[in-house]
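Undergrad: This is entry_17.txt (compact mmCIF, C-alpha atoms).
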# COMPACT_ATOMS: atom_id res chain seq x y z
CA MET A 1 -39.85 35.67 6.82
CA LYS A 2 -36.78 36.56 8.85
CA LYS A 3 -36.94 33.26 10.75
CA ASN A 4 -37.24 31.32 7.50
CA SER A 5 -34.23 33.16 6.07
CA VAL A 6 -32.09 32.37 9.13
CA PHE A 7 -33.26 28.74 9.08
CA THR A 8 -32.40 28.43 5.39
CA LYS A 9 -28.92 29.81 5.94
CA MET A 10 -28.34 27.40 8.81
CA ILE A 11 -29.36 24.43 6.62
CA THR A 12 -27.11 25.59 3.79
CA ILE A 13 -24.09 26.16 6.03
CA GLY A 14 -24.68 22.88 7.88
CA SER A 15 -24.89 20.94 4.63
CA ALA A 16 -21.67 22.47 3.33
CA VAL A 17 -19.83 21.68 6.57
CA MET A 18 -21.10 18.10 6.56
CA VAL A 19 -20.06 17.54 2.95
CA ALA A 20 -16.59 19.02 3.52
CA GLY A 21 -16.09 16.91 6.63
CA LEU A 22 -17.16 13.70 4.93
CA LEU A 23 -14.95 14.32 1.91
CA THR A 24 -11.97 15.06 4.16
CA PHE A 25 -12.59 11.90 6.18
CA SER A 26 -12.87 9.86 2.99
CA SER A 27 -9.53 11.08 1.65
CA ILE A 28 -7.78 10.33 4.96
CA ALA A 29 -9.33 6.90 5.31
CA SER A 30 -8.13 5.81 1.88
CA ALA A 31 -4.53 6.98 2.36
CA HIS A 32 -3.19 3.92 4.16
CA VAL A 33 0.22 2.29 3.89
CA THR A 34 -0.51 -0.93 2.00
CA VAL A 35 1.33 -4.04 0.83
CA LYS A 36 0.20 -5.88 -2.30
CA PRO A 37 -0.73 -8.42 -3.53
CA ALA A 38 -3.58 -9.14 -1.12
CA GLN A 39 -3.42 -12.86 -1.99
CA SER A 40 -0.59 -15.23 -2.86
CA MET A 41 0.23 -18.92 -3.12
CA PRO A 42 1.92 -21.00 -0.38
CA SER A 43 5.70 -21.45 -0.82
CA ALA A 44 5.77 -19.00 -3.77
CA TRP A 45 8.57 -16.49 -4.25
CA GLU A 46 6.30 -13.44 -4.38
CA THR A 47 7.15 -9.92 -5.51
CA TYR A 48 5.59 -7.57 -2.95
CA THR A 49 5.07 -3.81 -3.23
CA ILE A 50 4.59 -1.46 -0.29
CA LYS A 51 2.86 1.82 -1.17
CA VAL A 52 3.49 4.77 1.15
CA PRO A 53 1.37 7.94 0.73
CA SER A 54 2.24 11.11 2.68
CA GLU A 55 -0.91 12.07 4.62
CA LYS A 56 0.41 15.14 6.42
CA ASP A 57 1.57 18.50 5.08
CA LEU A 58 5.07 17.26 5.81
CA PRO A 59 7.39 14.95 3.87
CA THR A 60 7.74 11.30 4.88
CA THR A 61 11.47 10.72 5.40
CA LYS A 62 11.65 7.08 6.49
CA VAL A 63 9.59 3.88 6.40
CA THR A 64 10.25 0.68 8.33
CA LEU A 65 8.45 -2.56 7.48
CA LYS A 66 8.47 -5.52 9.85
CA VAL A 67 8.86 -8.85 8.06
CA PRO A 68 6.19 -11.37 9.16
CA GLU A 69 7.71 -14.26 11.12
CA ASN A 70 6.50 -16.90 8.67
CA LEU A 71 7.87 -15.09 5.56
CA SER A 72 11.45 -15.57 4.36
CA PHE A 73 12.72 -12.21 3.08
CA LYS A 74 14.94 -12.66 0.00
CA GLN A 75 15.87 -9.43 -1.79
CA TYR A 76 14.80 -5.85 -2.42
CA GLN A 77 14.80 -3.45 -5.35
CA PRO A 78 17.00 -0.37 -4.83
CA VAL A 79 15.26 3.00 -5.17
CA PRO A 80 17.21 6.07 -6.32
CA GLY A 81 17.39 8.68 -3.56
CA TRP A 82 16.62 6.17 -0.80
CA LYS A 83 19.02 4.30 1.49
CA THR A 84 17.89 0.73 2.22
CA THR A 85 18.97 -1.20 5.34
CA THR A 86 17.87 -4.46 6.95
CA GLU A 87 17.93 -5.93 10.43
CA LYS A 88 18.53 -9.59 11.27
CA ASN A 89 17.89 -11.87 14.22
CA ASP A 90 20.42 -14.27 15.80
CA ALA A 91 19.59 -16.88 13.15
CA GLY A 92 20.58 -14.49 10.36
CA GLU A 93 16.99 -14.01 9.16
CA ILE A 94 15.90 -10.54 8.04
CA THR A 95 13.26 -9.22 10.47
CA SER A 96 12.76 -5.67 9.15
CA ILE A 97 13.67 -3.44 6.24
CA THR A 98 13.99 0.35 6.32
CA TRP A 99 13.91 2.86 3.47
CA GLU A 100 15.30 6.29 4.39
CA ALA A 101 15.27 9.32 2.10
CA GLU A 102 18.71 10.72 1.36
CA SER A 103 17.10 14.11 0.68
CA GLY A 104 13.58 15.50 0.57
CA GLY A 105 11.32 12.50 1.02
CA ILE A 106 7.70 11.85 0.06
CA GLU A 107 6.04 15.26 -0.12
CA ALA A 108 2.39 15.96 0.75
CA GLY A 109 0.10 14.73 -2.01
CA GLN A 110 2.70 12.22 -3.23
CA PHE A 111 3.36 8.52 -2.68
CA GLN A 112 6.32 6.18 -3.11
CA GLN A 113 6.45 2.44 -3.82
CA PHE A 114 9.13 0.01 -2.64
CA VAL A 115 9.49 -3.50 -4.07
CA PHE A 116 10.91 -6.64 -2.48
CA VAL A 117 10.76 -10.43 -2.82
CA GLY A 118 9.83 -12.92 -0.11
CA GLU A 119 9.25 -16.66 0.05
CA ASN A 120 5.78 -17.38 1.39
CA PRO A 121 5.06 -19.91 4.15
CA ALA A 122 4.20 -23.43 3.02
CA LYS A 123 0.76 -23.43 4.65
CA ASP A 124 -2.36 -21.30 4.22
CA GLY A 125 -2.60 -18.33 6.56
CA GLU A 126 -2.15 -14.56 6.75
CA LEU A 127 0.83 -12.23 6.58
CA ALA A 128 0.42 -9.10 8.72
CA TRP A 129 2.59 -6.21 7.54
CA ASP A 130 3.36 -3.83 10.44
CA ALA A 131 4.75 -0.56 9.07
CA TYR A 132 6.15 2.59 10.71
CA GLN A 133 5.98 5.89 8.83
CA TYR A 134 8.36 8.68 9.94
CA TYR A 135 7.76 12.36 9.11
CA SER A 136 10.26 15.22 8.95
CA ASP A 137 9.02 16.68 12.26
CA GLY A 138 9.96 13.47 14.10
CA SER A 139 6.40 12.13 14.41
CA VAL A 140 5.73 8.44 13.69
CA VAL A 141 2.53 6.83 12.42
CA GLU A 142 2.34 3.15 13.38
CA TRP A 143 0.34 1.07 10.89
CA THR A 144 0.02 -1.88 13.25
CA GLY A 145 -3.71 -2.10 14.06
CA LYS A 146 -6.13 -4.83 13.09
CA GLU A 147 -8.38 -4.61 10.04
CA GLY A 148 -11.08 -1.96 10.55
CA SER A 149 -9.04 0.05 13.06
CA GLU A 150 -7.91 3.65 12.55
CA LEU A 151 -4.35 2.63 11.60
CA PRO A 152 -4.63 -0.92 10.22
CA HIS A 153 -1.72 -3.00 9.02
CA SER A 154 -1.97 -4.50 5.56
CA ILE A 155 -2.83 -8.21 5.21
CA THR A 156 -1.83 -10.74 2.56
CA THR A 157 -3.79 -13.99 2.56
CA ILE A 158 -1.76 -17.09 1.70
CA THR A 159 -4.07 -19.60 0.04
CA GLU A 160 -4.04 -22.24 -2.68
CA ASN A 161 -7.12 -20.50 -4.13
CA ALA A 162 -4.94 -17.53 -5.09
CA ALA A 163 -3.90 -19.54 -8.16
CA THR A 164 -7.17 -18.59 -9.90
CA THR A 165 -6.76 -14.84 -9.34
CA THR A 166 -3.10 -14.09 -8.64
CA PRO A 167 -0.15 -15.28 -10.74
CA ALA A 168 2.28 -17.11 -8.47
CA ALA A 169 5.59 -18.89 -8.81
CA PRO A 170 5.75 -22.70 -8.96
CA THR A 171 6.68 -24.34 -5.67
CA THR A 172 9.06 -26.92 -7.16
CA ASP A 173 12.28 -24.88 -7.35
CA GLY A 174 11.52 -21.65 -5.46
CA HIS A 175 11.82 -19.32 -8.46
CA ASP A 176 9.44 -16.95 -10.15
CA THR A 177 7.08 -18.06 -12.91
CA ALA A 178 8.80 -18.54 -16.29
CA THR A 179 8.73 -15.47 -18.51
CA THR A 180 8.70 -15.02 -22.28
CA GLU A 181 12.48 -14.62 -22.12
CA ASP A 182 12.80 -18.00 -20.38
CA THR A 183 10.71 -19.61 -23.13
CA ALA A 184 12.92 -18.08 -25.81
CA THR A 185 16.02 -19.35 -24.01
CA ALA A 186 14.62 -22.86 -23.89
CA THR A 187 13.91 -22.68 -27.63
CA ASP A 188 17.45 -21.52 -28.39
CA GLU A 189 18.92 -24.29 -26.26
CA ALA A 190 16.91 -26.84 -28.20
CA ALA A 191 18.39 -25.44 -31.41
CA GLY A 192 21.93 -25.70 -30.01
CA THR A 193 22.42 -21.96 -29.39
CA ASP A 194 24.41 -20.93 -26.30
CA THR A 195 22.28 -18.50 -24.26
CA THR A 196 24.06 -18.76 -20.90
CA THR A 197 23.81 -15.60 -18.79
CA GLU A 198 25.27 -14.70 -15.44
CA SER A 199 23.27 -13.67 -12.39
CA THR A 200 24.30 -12.16 -9.08
CA PRO A 201 22.70 -13.78 -6.01
CA ALA A 202 21.79 -11.70 -2.97
CA THR A 203 24.33 -12.00 -0.14
CA GLY A 204 21.87 -11.42 2.69
CA THR A 205 23.86 -8.66 4.45
CA THR A 206 22.42 -5.40 5.74
CA THR A 207 23.83 -3.52 2.75
CA ASP A 208 22.66 -5.90 0.02
CA THR A 209 21.39 -4.29 -3.18
CA ALA A 210 19.68 -6.95 -5.29
CA ALA A 211 17.18 -6.54 -8.12
CA SER A 212 15.50 -9.11 -10.30
CA ASN A 213 14.37 -8.64 -13.90
CA ASP A 214 10.82 -9.64 -13.07
CA MET A 215 10.43 -7.28 -10.12
CA ASN A 216 7.98 -4.89 -11.73
CA THR A 217 6.14 -2.33 -9.69
CA MET A 218 2.56 -3.50 -9.30
CA PRO A 219 -0.38 -1.06 -9.52
CA MET A 220 -1.98 -0.56 -6.15
CA GLU A 221 -5.69 -0.97 -5.67
CA GLN A 222 -7.72 0.86 -3.07
CA PRO A 223 -9.26 -1.40 -0.43
CA ALA A 224 -12.90 -2.28 -1.02
CA SER A 225 -13.81 -0.58 2.26
CA SER A 226 -12.37 2.73 0.99
CA ASN A 227 -14.32 2.46 -2.27
CA GLY A 228 -17.53 1.78 -0.36
CA LEU A 229 -16.88 4.74 1.92
CA GLN A 230 -16.34 7.06 -1.03
CA VAL A 231 -19.59 5.94 -2.67
CA THR A 232 -21.48 6.51 0.58
CA THR A 233 -19.86 9.92 0.98
CA LEU A 234 -20.86 10.90 -2.55
CA ILE A 235 -24.49 9.88 -1.98
CA ILE A 236 -24.71 11.80 1.30
CA SER A 237 -23.10 14.84 -0.31
CA ILE A 238 -25.64 14.85 -3.16
CA ILE A 239 -28.57 14.54 -0.74
CA ALA A 240 -27.19 17.38 1.39
CA LEU A 241 -26.77 19.63 -1.63
CA ILE A 242 -30.32 18.88 -2.84
CA LEU A 243 -31.80 19.68 0.59
CA GLY A 244 -29.84 22.91 0.71
CA GLY A 245 -31.08 23.88 -2.77
CA VAL A 246 -34.71 23.11 -1.90
CA ALA A 247 -34.47 25.20 1.25
CA VAL A 248 -33.09 28.16 -0.70
CA MET A 249 -35.82 27.90 -3.34
CA ASN A 250 -38.55 27.76 -0.67
CA SER A 251 -37.11 30.81 1.02
CA ARG A 252 -37.13 32.79 -2.23
CA LYS A 253 -40.75 31.81 -2.99
CA ARG A 254 -41.89 32.96 0.42
CA LYS A 255 -40.22 36.32 -0.12
Would you mind giving the structure from this file in structure tokens?
TA:
Amino acid sequence: MKKNSVFTKMITIGSAVMVAGLLTFSSIASAHVTVKPAQSMPSAWETYTIKVPSEKDLPTTKVTLKVPENLSFKQYQPVPGWKTTTEKNDAGEITSITWEAESGGIEAGQFQQFVFVGENPAKDGELAWDAYQYYSDGSVVEWTGKEGSELPHSITTITENAATTTPAAPTTDGHDTATTEDTATATDEAAGTDTTTESTPATGTTTDTAASNDMNTMPMEQPASSNGLQVTTLIISIIALILGGVAVMNSRKRK
């Protein structure tokens, strides 16, 4: 009876440890730095959103995103409390953008989203988003690995097929898809009403602050791999709990 009791306790403790470990691993695996959308049209002026969760028990104070070589960076949306700077190459093209917290940062259990616009390459392919996450203790997490690695970079697939799933801008004039406001303007013009408005173009310097009316923050979706991992974790956890319960019941019957 004593041996059975010890054995039962070992099973129960082991099951609890396994469940806790799997749940912890699942939460870490899903907390990646990501860039959305995952698909976009060639030559489109796309509004991209980078989502930065804070994985450690420390605030994230700075994030640097490398601009893919075949993407033309256009403008970014300013974020209150964050200083935004860009770096350029000899040709004057923006090669990276950095968001740095002016105070505090992204605390543990929180996330922050940053929005920017880029002109996609003309041909089908992939955009690899290398990101560097800086914490208040000086440590840096480099999201530069391939898909499936421990620290993967986010990927956006550029394909004509994205037209059936992802709204994209027309490729004729390099501007975003017409909105309801544009349609109303066209109607007013046809009726002879003056609806001229002024706009401020981005200057392309390292201190530019440009925002566009259609740059809405997009909801971020968890990768399919993270969802699959969470389902698997849940199933294993349920099985472990059932086994632990059966062992306890058997032990009580034998007593």
Undergrad: Determine, counting all atoms listed in the file, which protein, DNA and RNA residues have an atom within 10 Å of an atom of A:Thr60; residues of the same chain fewer than 5 positions away are not included. Present the result as a PyMOL selection string.
TA: chain A and resi 52-55+100-101+104-108+110-112+133-140
Undergrad: Find the residue from A:Ile238, A:Glu69, A:Lys62, A:Trp45 that sits nearest to A:Val141; use all atoms listed in the file when measuring.
TA: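 Of A:Ile238, A:Glu69, A:Lys62, A:Trp45, the one nearest A:Val141, counting all atoms listed in the file, is A:Lys62.
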Undergrad: May I have the residues at most 9 Å from (2.5, -1.1, 7.2) in the file's coordinates, counting only C-alpha atoms, as a PyMOL selection string?
TA: chain A and resi 32-35+50-52+63-66+128-133+142-144+151-154
Undergrad: Considering all atoms listed in the file, return as an MDAnalysis selection string whatever protein or nucleic-acid residues lie within 7 Å of A:Tyr48, sequence-local ones (same chain, fewer than 4 positions apart) excluded.
TA: chainID A and resid 35:37 115:117
Undergrad: In Å, how far is it from atom CA of A:Glu160 to atom CA of A:Pro42?
TA: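 Going from atom CA of A:Glu160 over to atom CA of A:Pro42 covers 6.5 Å.
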Undergrad: To one decimal place in Å, what is the distance between atom CA of A:Trp82 and atom CA of A:Trp99?
TA: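 One can read the atom CA of A:Trp82 to atom CA of A:Trp99 distance as 6.0 Å.
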Undergrad: Considering all atoms listed in the file, can you say which of A:Gly109, A:Glu93, A:Leu243, A:Ser103 comes closest to A:Leu58?
TA: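 Selected residue with least distance to A:Leu58: A:Gly109.
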Undergrad: I need the residue nearest A:Pro78 from this list: A:Ser40, A:Ile94, A:Gln113, A:Glu46. Use all atoms listed in the file for the distance.
TA: A:Gln113
Undergrad: Could you tell me which of A:Gly145, A:Phe73, A:Ile97, A:Lys123 comes closest to A:Ile158 if we count all atoms listed in the file?
TA: A:Lys123
Undergrad: Would you work out the distance separating atom CA of A:Thr98 from atom CA of A:Ala31, expressed in Å to one decimal?
TA: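 Distance between the two atoms: 20.1 Å.
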Undergrad: I want to know what sits within 12 Å of A:Asn120, based on only C-alpha atoms, with residues of the same chain fewer than 2 positions away left out; could you give that as an NGL selection string?
TA: :A and (39-48 or 67-74 or 117-118 or 122-127 or 156-160 or 168-171 or 174-175)
Undergrad: Can you write out the residues you just picked, keeping C-alpha atoms, as a compact mmCIF listing (two decimals), keeping the file's coordinate frame?
TA:
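What ended up in result08.txt:
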# COMPACT_ATOMS: atom_id res chain seq x y z
CA GLN A 39 -3.42 -12.86 -1.99
CA SER A 40 -0.59 -15.23 -2.86
CA MET A 41 0.23 -18.92 -3.12
CA PRO A 42 1.92 -21.00 -0.38
CA SER A 43 5.70 -21.45 -0.82
CA ALA A 44 5.77 -19.00 -3.77
CA TRP A 45 8.57 -16.49 -4.25
CA GLU A 46 6.30 -13.44 -4.38
CA THR A 47 7.15 -9.92 -5.51
CA TYR A 48 5.59 -7.57 -2.95
CA VAL A 67 8.86 -8.85 8.06
CA PRO A 68 6.19 -11.37 9.16
CA GLU A 69 7.71 -14.26 11.12
CA ASN A 70 6.50 -16.90 8.67
CA LEU A 71 7.87 -15.09 5.56
CA SER A 72 11.45 -15.57 4.36
CA PHE A 73 12.72 -12.21 3.08
CA LYS A 74 14.94 -12.66 0.00
CA VAL A 117 10.76 -10.43 -2.82
CA GLY A 118 9.83 -12.92 -0.11
CA ALA A 122 4.20 -23.43 3.02
CA LYS A 123 0.76 -23.43 4.65
CA ASP A 124 -2.36 -21.30 4.22
CA GLY A 125 -2.60 -18.33 6.56
CA GLU A 126 -2.15 -14.56 6.75
CA LEU A 127 0.83 -12.23 6.58
CA THR A 156 -1.83 -10.74 2.56
CA THR A 157 -3.79 -13.99 2.56
CA ILE A 158 -1.76 -17.09 1.70
CA THR A 159 -4.07 -19.60 0.04
CA GLU A 160 -4.04 -22.24 -2.68
CA ALA A 168 2.28 -17.11 -8.47
CA ALA A 169 5.59 -18.89 -8.81
CA PRO A 170 5.75 -22.70 -8.96
CA THR A 171 6.68 -24.34 -5.67
CA GLY A 174 11.52 -21.65 -5.46
CA HIS A 175 11.82 -19.32 -8.46
Undergrad: Which of these, A:Glu102, A:Ala240, A:Thr95, A:Glu119, has the shortest distance to A:Lys83 once you count only C-alpha atoms?
TA: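 Checking each candidate against A:Lys83, we get A:Glu102 as the closest.
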